[in-house]
Amino acid sequence: MDFLNVNEALGYLDLKESYSAAEFGCGTADFSLALAKALDKGRVYALDIQQDKLSVLKNKMALQKIYNISTIICDLEAPNGSTLKSNFLDIVLIPNVLFQSENRHAIMEEAKRILKPRGQLLVIDWLKPVAFGPKENLIDPKEVKELANILEISLKKEFALGDYHYGLIFIKG
């Protein structure tokens, strides 16, 4: 059984070391930390609604001597919830967030707003219910693609990530 590999997921993106990126709902911040290492001349924004998650990330950053991550406490389902400028980022990641969101459209819309034209949006979510994961409210890749279509974000790539997750990369027009 293969679980979610952060570096494998990031390998599907076109990364340049000077890019700026955000991780929506950073939680354990595995993606933010990996992105910070890959984008060593850029900046990563780790966003979460829970201050304790961001505090843990700050401790990890200090231990790993990572200085290019900014943390933002925010509600991504609110209008302009990220507090970031429009057309600002090269990459937005939404890993394992949509299944637990009440307003998935708002989160996708916020990602589109802050992405630069031709920016990349990577959505990762659970493929199926499993004993150690969510049992309900999973979001099918088809539903994510429908949301992206409504928002006029183009699908670039679709792939499996381990046995339990899928990945979708969209490009902002």
# chains A, B, ... in the order shown; residues from 1 in each chain; ligands from 1
>>> closest_atom_pairs(of="segment 47-91 of chain A", to="segment 32-38 of chain A", cutoff="9 Å", atoms="only C-alpha atoms", output="Markdown table")
| residue | atom | partner | partner_atom | distance |
| --- | --- | --- | --- | --- |
| A:Leu57 | CA | A:Leu33 | CA | 8.5 |
| A:Lys60 | CA | A:Leu33 | CA | 8.5 |
| A:Met61 | CA | A:Leu33 | CA | 7.7 |
| A:Ile66 | CA | A:Ala36 | CA | 7.2 |
| A:Tyr67 | CA | A:Ala36 | CA | 8.2 |
| A:Asn68 | CA | A:Ala36 | CA | 6.1 |
| A:Ile69 | CA | A:Ala36 | CA | 6.5 |
>>> select_by_dssp(residues="segment 6-170 of chain A", states="strand (DSSP E)", output="number ranges by chain")
A: 20-24, 43-48, 69-73, 89-95, 115-126, 153-161, 165-170
>>> write_last_selection(atoms="C-alpha atoms", output="JSON list (two decimals), in the first residue's frame")
[["chain", "number", "residue", "atom", "x", "y", "z"],
["A", 20, "SER", "CA", 5.95, 32.03, -4.86],
["A", 21, "ALA", "CA", 3.38, 29.52, -3.64],
["A", 22, "ALA", "CA", 0.69, 28.94, -1.03],
["A", 23, "GLU", "CA", -0.57, 25.88, 0.76],
["A", 24, "PHE", "CA", -4.25, 26.16, 1.69],
["A", 43, "ARG", "CA", 8.37, 32.53, -0.81],
["A", 44, "VAL", "CA", 5.79, 30.11, 0.52],
["A", 45, "TYR", "CA", 2.61, 31.15, 2.32],
["A", 46, "ALA", "CA", 1.22, 28.58, 4.75],
["A", 47, "LEU", "CA", -2.46, 29.28, 5.41],
["A", 48, "ASP", "CA", -4.67, 27.68, 8.03],
["A", 69, "ILE", "CA", 7.68, 30.67, 4.76],
["A", 70, "SER", "CA", 5.12, 33.20, 5.93],
["A", 71, "THR", "CA", 2.21, 31.94, 8.02],
["A", 72, "ILE", "CA", -1.29, 33.39, 7.71],
["A", 73, "ILE", "CA", -4.25, 32.55, 9.90],
["A", 89, "LEU", "CA", 1.28, 33.59, -6.78],
["A", 90, "ASP", "CA", 2.74, 31.11, -9.23],
["A", 91, "ILE", "CA", 1.38, 28.04, -7.42],
["A", 92, "VAL", "CA", -1.47, 27.23, -5.03],
["A", 93, "LEU", "CA", -1.80, 23.82, -3.36],
["A", 94, "ILE", "CA", -5.05, 22.56, -1.88],
["A", 95, "PRO", "CA", -4.09, 19.22, -0.28],
["A", 115, "LEU", "CA", -2.91, 32.95, -8.87],
["A", 116, "LYS", "CA", -1.05, 34.81, -11.59],
["A", 117, "PRO", "CA", -2.21, 34.21, -15.17],
["A", 118, "ARG", "CA", -0.77, 30.80, -16.20],
["A", 119, "GLY", "CA", -0.35, 29.96, -12.49],
["A", 120, "GLN", "CA", -0.69, 26.34, -11.37],
["A", 121, "LEU", "CA", -3.32, 25.02, -8.96],
["A", 122, "LEU", "CA", -2.68, 21.56, -7.50],
["A", 123, "VAL", "CA", -5.66, 19.92, -5.82],
["A", 124, "ILE", "CA", -5.02, 16.71, -3.89],
["A", 125, "ASP", "CA", -7.76, 14.85, -2.11],
["A", 126, "TRP", "CA", -8.88, 11.43, -0.89],
["A", 153, "ILE", "CA", -9.53, 27.11, -14.86],
["A", 154, "SER", "CA", -8.13, 24.56, -17.33],
["A", 155, "LEU", "CA", -7.20, 21.01, -16.39],
["A", 156, "LYS", "CA", -3.58, 20.31, -17.31],
["A", 157, "LYS", "CA", -2.94, 16.94, -15.65],
["A", 158, "GLU", "CA", -4.70, 14.25, -13.62],
["A", 159, "PHE", "CA", -2.87, 11.50, -11.73],
["A", 160, "ALA", "CA", -3.01, 9.05, -8.82],
["A", 161, "LEU", "CA", -0.91, 9.75, -5.74],
["A", 165, "HIS", "CA", -5.27, 10.15, -3.22],
["A", 166, "TYR", "CA", -5.69, 11.79, -6.58],
["A", 167, "GLY", "CA", -4.02, 14.90, -7.95],
["A", 168, "LEU", "CA", -5.33, 17.47, -10.41],
["A", 169, "ILE", "CA", -3.28, 20.32, -11.82],
["A", 170, "PHE", "CA", -5.14, 23.28, -13.28]]
>>> closest_residue(among="A:Gly42, A:Thr28, A:Leu84, A:Phe99", to="Lys16 of chain A", atoms="only C-alpha atoms")
A:Gly42
>>> select_by_dssp(residues="segment 24-89 of chain A", states="alpha helix (DSSP H)", output="count of residues only")
23
>>> closest_residue(among="A:Ile150, A:Val144, A:Leu127, A:Ala29", to="Gly162 of chain A", atoms="only C-alpha atoms")
A:Leu127
>>> atom_distance(atom1="atom CA of Lys41 of chain A", atom2="atom CA of Glu17 of chain A")
5.3 Å
>>> atom_distance(atom1="atom CA of Asp140 of chain A", atom2="atom CA of Gln50 of chain A")
25.7 Å
>>> closest_residue(among="A:Met108, A:Ile114, A:Val130, A:Val97", to="Ile49 of chain A", atoms="only C-alpha atoms")
A:Val97
>>> closest_residue(among="A:Asp52, A:Asp14, A:Glu152, A:Asp163", to="Leu39 of chain A", atoms="only C-alpha atoms")
A:Asp14
>>> atom_distance(atom1="atom CA of Cys26 of chain A", atom2="atom CA of Asp75 of chain A")
12.2 Å
>>> closest_residue(among="A:Ser18, A:Lys112, A:Asn5, A:Lys135", to="Asp30 of chain A", atoms="only C-alpha atoms")
A:Asn5
>>> closest_residue(among="A:Gln51, A:Asn7, A:Asn137, A:Ser101", to="Phe31 of chain A", atoms="only C-alpha atoms")
A:Asn7
